[in-house]
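Please read the structure below before turning to the comments.
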Amino acid sequence: MDRLSDWMSWTEILNRRFSVNGICHQSVEEGIILGRAERLLIVAFARLVLLAVLAVYGALAGSTYFFSQYGSFISKKQLTLLVATIAIVFLYTLISYLFSQTLARYRFSRHILIVFDLLLVTVLVHCSGGAISWFWPIYMIVTIEAAYLLDVKLDVWLIGCAGGFFYCFLIIAEGLELIPSVKMPFVDSSLNSDPHYLFLMALWVVITNTVTAVIAISLMSVVRREATLARESEERLLGFIENANDFIHCNSPDGTIHFMNRAMRQSIDCSHDNGGLKPFIDIISKESQDMASRELRKIVSGNSVDAFELSFKGASGQEICAEGNLACNFKDGAPLLLWGIWRDVSEKKRSQERLYSLAHNDSLTGLPNRILFRDRLKQSIAYANRQKRTVALLFLDLDRFKVINDSLGHPLGDRLLKSVAKTLQSSVREVDTVARFGGDEFTIVISNLEQPEDALLVAKKILSSLEKPFNVDGNELFAMASIGVSLYPAHGDDIDSLIKKADIAMYEAKSQGGDRWVLYDPVMDQNSYKRLLLENSLRKALAKDELRLVYQPKVDIISGQITAMEALLRWDHPDLGLIKPDEFIPLAEETGLIIAIGEWVLDRACRQNVDWSNQGIAKMRVAVNISGHQLQQSDFLSRLVEIVSRTGMPFEQLEIEITESVIMQNPDFAIHILNEVQNKGIHISVDDFGTGYSSLAHLKRFSVNTLKIDKSFVRDVESNQTDAAITSAIIAMGNSLNLRVIAEGVETEGQYTFLQEALCDEIQGYLISRPIPPEKVGEFVKAKGWRSRN
């Protein structure tokens, strides 16, 4: 925006309308008055010069007569009149010079001055010989003066005629001896009484004065027309500047503002305590004052200034960002006035900031997105490299978030993500970066760590902060997470390596059940490859009939009777062999295949139970594990009813097992679904009880039949007092709520004895039986199962 060359044309024109004394934009009437005052000043100055010339000439000429044969020929009376006339002329000329602006405001003040000039010129002509005087051309000078001072042509013509009239009156009065004529040397005094001479002189003066008036009027018309055009051009320019949308101002080199156009006055806080305008530097925000002062000094010193940005103080208290330039006019090498033109770019800056935010920040959570995250990580690595410090990258993925999205809808899921984002931000330092990597994935850059172990403390803190339920639109939701941790420089020295290894560690945490952190280990690279292979193979496993079910019995701890057979899924991979559910179920949940696999398991287990009944095996329940993704499907109940009905198995012979953590992700929704399921007569068991976050208040609301104690508590009941106490408490709570309690993972007689004494209802584990192929279940049952061991 280099407008400097353009400004020099119009700023020089406008300098005439502004002064360093603070004259601001003038109206048309004020401009006319100033123009008249300016002409009065010029005429007064010219009159004084002419008066001085005449006085010097008169004195010089008069002095020569003393040394000539003529001697002094002027009487004292004439000399007194001449001196008085000159004094009067000097006096009113001085008045018109000193009070030109005041006189210019009165319409006939200039006419009176011109009439005074005519009268005093007539006196001067009389004192210098009358009809034979050499000074009659001064009448023409007065006529020219009238043409210069007066705006109306008729007035000028009348003044010209009046000059001739005054001259005629003088020579007639002298010819009739009404006024004594003054004798002049070198001239025949008899001419003053010669009618023919007097007539010709009077006619000549009248003609020359009239012609002078006509010529002067013509010349001044041209001059005035050009002046009018120039003034109208200035007015149009000033009108354009006044109404321009850009901010335009004029100030003196010391910063005093003389003019601001309307856009600038309306937008900027330009009021001052004393009622005037603030200095230019005072209407600029503090952040821009140093730069503005520096640019002002440069322009005043004669250096060129490029376009720059600054912020003005807005009239409403806001800051207005403007882009523009300054120009300075010089006179005699000294700075005269500075002009500035600025364009309000506040909206442009806001748009740029919005575009930057859209490009670098997540639109939902406001967190940095991938682009800004990579930049922050790059900066942290560079700083850590210089300071010999450690950077930790935490890759966080919410467990079972898809379940919430599918069941409660994306709007509620989005609000949960926003709540999680705030929790993550509050869990780290301000210098650390929390970014949304995509979907339900977050990345956290922990910079400037002295010890790598500090990163693990942060991961633990984050998991702890996520344990508390989130209240979203009246729904109590849990957002557990899996966190993978990679370290710079231990695990890589570039961005992509750190992200990849943190991602691998995160999937390792998921494969271990989630709700935990895992530090990257090179061994995990092999697991990562295996995971990719499994994901690709899993998509074809159902079609290739690679999945199969085995069954593990649940027995009554007192009678030893089999109460149910739990269907356990196995994957017989053609290359990798038998794969445990812990390795491929998380993959199935992430890829969405868990829905199809879950329905296949339910259908196959129900048909198998019907087949057992047809074989004469006593009726018993078949237990099927339901994933959170299945439970949260809007058509879960209808699909469940459809599949069971299709197999022909009674609903009472079906038991579904749902983990405590799945139920607690959205307790209100789970309660509604479980009530509907139980109304169908289906048995409901809470799996892995004790590992989630359910409270007694929640448990009382659930429509469940059985609590299944997680094997992690059962494993050490013989040696660990805490696990024994927890297990006893769960059994006691279940009994108090009239719920059956089953312990899984029972492998020793000591565990069995403890559970029996604690009044546990059922047990399941290797002590009773390992998982059995379906074709051998009949044999196990006919052998009396658990009772056959006694």
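By order of appearance in the structure tokens: chains A, B, ..., then residues from 1 within every chain, and ligands from 1 in the order shown.
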
Query - Distance query stretch 127-138 of chain A at most 7 Å, only C-alpha atoms, self and fewer than 3 positions along chain excluded, as number ranges by chain - result: A: 78, 82, 121, 123-124, 141-142, 171, 181-184, 192, 198

Check: What's the 10 Å shell around stretch 409-421 of chain A, counting only C-alpha atoms, without same-chain residues fewer than 5 positions away, as number ranges by chain?
Finding: A: 364-367, 398, 401-404, 426-427, 434-436, 439-442, 465-466, 470-473, 475, 477-480

Excluding stretch 98-107 of chain A and its own-chain neighbours fewer than 5 positions away, which residues fall within 7 Å of it when counting only C-alpha atoms? Please give them as a ChimeraX atom specification. /A:33-34,36-37,40-41

Taking the backbone alone, and naming residues the way the document does, which bits of stretch 343-477 of chain A are helix (DSSP H, G or I) by DSSP, as a PyMOL selection string?
chain A and resi 346-360+370-387+401-408+410-426+453-465

A:Pro650: which residues within 12 Å, counting only C-alpha atoms, same-chain residues fewer than 2 positions away excluded, as a tab-separated table (two decimals) with N, CA and C atoms, in the first residue's frame?
```tsv
chain	number	residue	atom	x	y	z
A	606	CYS	N	-27.26	-70.40	21.58
A	606	CYS	CA	-28.66	-70.77	21.80
A	606	CYS	C	-29.00	-72.07	21.06
A	607	ARG	N	-28.54	-72.19	19.83
A	607	ARG	CA	-28.80	-73.41	19.06
A	607	ARG	C	-28.14	-74.61	19.74
A	609	ASN	N	-27.55	-75.00	22.95
A	609	ASN	CA	-28.31	-75.35	24.15
A	609	ASN	C	-29.57	-76.14	23.78
A	610	VAL	N	-30.23	-75.74	22.69
A	610	VAL	CA	-31.39	-76.49	22.22
A	610	VAL	C	-30.97	-77.90	21.82
A	613	SER	N	-30.50	-80.03	24.86
A	613	SER	CA	-31.81	-80.45	25.39
A	613	SER	C	-32.36	-81.62	24.59
A	619	LYS	N	-32.10	-79.42	31.34
A	619	LYS	CA	-32.13	-78.01	30.94
A	619	LYS	C	-31.28	-77.15	31.86
A	620	MET	N	-30.54	-76.27	31.24
A	620	MET	CA	-29.70	-75.33	31.97
A	620	MET	C	-29.56	-74.05	31.12
A	621	ARG	N	-29.07	-73.01	31.78
A	621	ARG	CA	-28.88	-71.75	31.05
A	621	ARG	C	-27.56	-71.78	30.25
A	622	VAL	N	-27.55	-71.07	29.17
A	622	VAL	CA	-26.31	-70.83	28.46
A	622	VAL	C	-25.99	-69.34	28.63
A	641	VAL	N	-34.18	-60.52	20.90
A	641	VAL	CA	-35.43	-61.29	20.88
A	641	VAL	C	-35.55	-62.08	19.58
A	643	ILE	N	-33.16	-63.19	17.53
A	643	ILE	CA	-32.20	-64.30	17.43
A	643	ILE	C	-32.60	-65.46	18.33
A	644	VAL	N	-32.95	-65.15	19.58
A	644	VAL	CA	-33.34	-66.22	20.51
A	644	VAL	C	-34.60	-66.92	20.02
A	645	SER	N	-35.56	-66.15	19.55
A	645	SER	CA	-36.82	-66.75	19.05
A	645	SER	C	-36.55	-67.65	17.85
A	646	ARG	N	-35.63	-67.23	17.00
A	646	ARG	CA	-35.32	-68.00	15.80
A	646	ARG	C	-34.73	-69.37	16.14
A	647	THR	N	-33.97	-69.45	17.25
A	647	THR	CA	-33.34	-70.72	17.62
A	647	THR	C	-34.32	-71.65	18.32
A	648	GLY	N	-35.42	-71.10	18.83
A	648	GLY	CA	-36.41	-71.93	19.52
A	648	GLY	C	-36.09	-72.15	20.98
A	652	GLU	N	-35.89	-68.04	29.26
A	652	GLU	CA	-35.44	-68.33	30.62
A	652	GLU	C	-34.12	-69.09	30.63
A	653	GLN	N	-33.76	-69.72	29.52
A	653	GLN	CA	-32.52	-70.50	29.48
A	653	GLN	C	-31.33	-69.67	28.97
A	654	LEU	N	-31.57	-68.36	28.79
A	654	LEU	CA	-30.47	-67.48	28.33
A	654	LEU	C	-30.00	-66.61	29.49
A	655	GLU	N	-28.71	-66.55	29.61
A	655	GLU	CA	-28.08	-65.64	30.59
A	655	GLU	C	-27.11	-64.75	29.81
A	680	LYS	N	-38.23	-60.03	29.79
A	680	LYS	CA	-38.38	-61.15	28.87
A	680	LYS	C	-38.05	-62.48	29.56
A	681	GLY	N	-37.58	-62.41	30.81
A	681	GLY	CA	-37.23	-63.62	31.55
A	681	GLY	C	-35.78	-64.01	31.40
A	682	ILE	N	-35.00	-63.18	30.77
A	682	ILE	CA	-33.57	-63.47	30.54
A	682	ILE	C	-32.80	-63.15	31.81
A	683	HIS	N	-31.89	-64.06	32.18
A	683	HIS	CA	-31.06	-63.91	33.37
A	683	HIS	C	-29.92	-62.94	33.06
```

Can I get the residues of stretch 699-790 of chain A within 12 Å of stretch 569-588 of chain A, each with the closest pair of atoms and their distance in Å to one decimal, using only C-alpha atoms, sorted chain first then ascending number, as a tab-separated table?
```
residue	atom	partner	partner_atom	distance
A:Pro771	CA	A:Leu569	CA	10.2
A:Ile772	CA	A:Leu569	CA	11.5
A:Pro773	CA	A:Arg570	CA	10.6
A:Pro774	CA	A:Leu569	CA	11.9
```

Write to file, as a tab-separated table (two decimals), in the first residue's frame, the residues of the selection just made, with C-alpha atoms.
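Dumped everything to out_18.tsv:
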```tsv
chain	number	residue	atom	x	y	z
A	771	PRO	CA	-13.49	-74.84	28.80
A	772	ILE	CA	-15.09	-77.86	27.09
A	773	PRO	CA	-15.84	-78.33	23.39
A	774	PRO	CA	-19.62	-78.54	22.79
```

Using DSSP assignments from the backbone, pull out every residue in stretch 303-372 of chain A that falls under strand (DSSP E) and give it to me as an mmCIF file with C-alpha atoms, in the first residue's frame.
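What ended up in out15.cif:
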```cif
data_model
loop_
_atom_site.group_PDB
_atom_site.id
_atom_site.type_symbol
_atom_site.label_atom_id
_atom_site.label_comp_id
_atom_site.auth_asym_id
_atom_site.auth_seq_id
_atom_site.Cartn_x
_atom_site.Cartn_y
_atom_site.Cartn_z
ATOM 1 C CA PHE A 308 2.604 -0.460 8.769
ATOM 2 C CA GLU A 309 -0.061 -1.577 11.225
ATOM 3 C CA LEU A 310 -1.070 -0.068 14.543
ATOM 4 C CA SER A 311 -4.018 -0.208 16.922
ATOM 5 C CA PHE A 312 -6.196 2.774 17.781
ATOM 6 C CA LYS A 313 -8.243 3.143 20.951
ATOM 7 C CA GLU A 319 -8.959 -1.739 19.965
ATOM 8 C CA ILE A 320 -9.173 -0.993 16.243
ATOM 9 C CA CYS A 321 -6.432 -2.539 14.167
ATOM 10 C CA ALA A 322 -5.551 -0.301 11.202
ATOM 11 C CA GLU A 323 -3.145 -0.496 8.293
ATOM 12 C CA GLY A 324 -1.849 2.625 6.568
ATOM 13 C CA ASN A 325 0.919 5.144 6.037
ATOM 14 C CA LEU A 326 2.087 8.660 6.897
ATOM 15 C CA ALA A 327 3.169 11.542 4.659
ATOM 16 C CA CYS A 328 4.854 14.770 5.713
ATOM 17 C CA ASN A 329 4.868 18.151 3.931
ATOM 18 C CA PHE A 330 7.932 20.317 4.307
ATOM 19 C CA LYS A 331 8.328 24.086 3.977
ATOM 20 C CA ALA A 334 11.117 22.151 7.996
ATOM 21 C CA PRO A 335 8.209 19.714 8.529
ATOM 22 C CA LEU A 336 4.886 21.507 8.204
ATOM 23 C CA LEU A 337 2.043 18.999 8.521
ATOM 24 C CA LEU A 338 1.701 15.243 8.681
ATOM 25 C CA TRP A 339 -1.104 13.391 6.958
ATOM 26 C CA GLY A 340 -2.123 9.853 7.706
ATOM 27 C CA ILE A 341 -4.561 7.510 6.009
ATOM 28 C CA TRP A 342 -5.566 4.218 7.661
ATOM 29 C CA ARG A 343 -7.889 1.391 6.803
ATOM 30 C CA ASP A 344 -9.731 -0.484 9.531
#
```

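Straight-line separation from atom CA of A:Val125 to atom CA of A:Leu170: 8.7 Å.
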
Need the shell around stretch 505-507 of chain A: protein/DNA/RNA residues with any atom at most 12 Å away, counting only C-alpha atoms. Skip same-chain ones fewer than 2 positions apart. Format as an MDAnalysis selection string? chainID A and resid 393:399 441:443 459 481:487 491 498:503 509:532 583:584 586:587 590

Practice prompt. Mind checking which residues fall within 12 Å of A:Asp375, counting only C-alpha atoms, ignoring those fewer than 4 positions away in the same chain, and posting them as a PyMOL selection string?
Written response: chain A and resi 360+368-371+379-382+433+435+445+494-496

Those selected residues, please, written with C-alpha atoms and delivered as an mmCIF file, in the first residue's frame.
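Once written, result.cif looks like this:
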```
data_model
loop_
_atom_site.group_PDB
_atom_site.id
_atom_site.type_symbol
_atom_site.label_atom_id
_atom_site.label_comp_id
_atom_site.auth_asym_id
_atom_site.auth_seq_id
_atom_site.Cartn_x
_atom_site.Cartn_y
_atom_site.Cartn_z
ATOM 1 C CA HIS A 360 -4.705 -24.995 13.785
ATOM 2 C CA PRO A 368 -4.809 -27.598 18.984
ATOM 3 C CA ASN A 369 -5.371 -29.915 16.038
ATOM 4 C CA ARG A 370 -2.810 -32.158 14.356
ATOM 5 C CA ILE A 371 -1.076 -29.298 12.541
ATOM 6 C CA GLN A 379 9.341 -26.806 19.329
ATOM 7 C CA SER A 380 9.445 -28.931 22.492
ATOM 8 C CA ILE A 381 11.931 -31.338 20.891
ATOM 9 C CA ALA A 382 14.150 -28.448 19.762
ATOM 10 C CA THR A 433 0.028 -29.046 24.996
ATOM 11 C CA ALA A 435 -4.390 -31.630 21.309
ATOM 12 C CA VAL A 445 3.039 -33.047 24.895
ATOM 13 C CA ASP A 494 11.595 -37.061 15.241
ATOM 14 C CA ILE A 495 7.888 -36.323 15.429
ATOM 15 C CA ASP A 496 6.575 -39.245 13.407
#
```

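Minimum atom-to-atom distances from A:Tyr167, A:Val222, A:Ala724, A:Ala55 to A:Met201 were compared using only C-alpha atoms, and the lowest value belongs to A:Tyr167.
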
From atom CA of A:Gln318 to atom CA of A:Glu347 the spacing works out at 12.7 Å
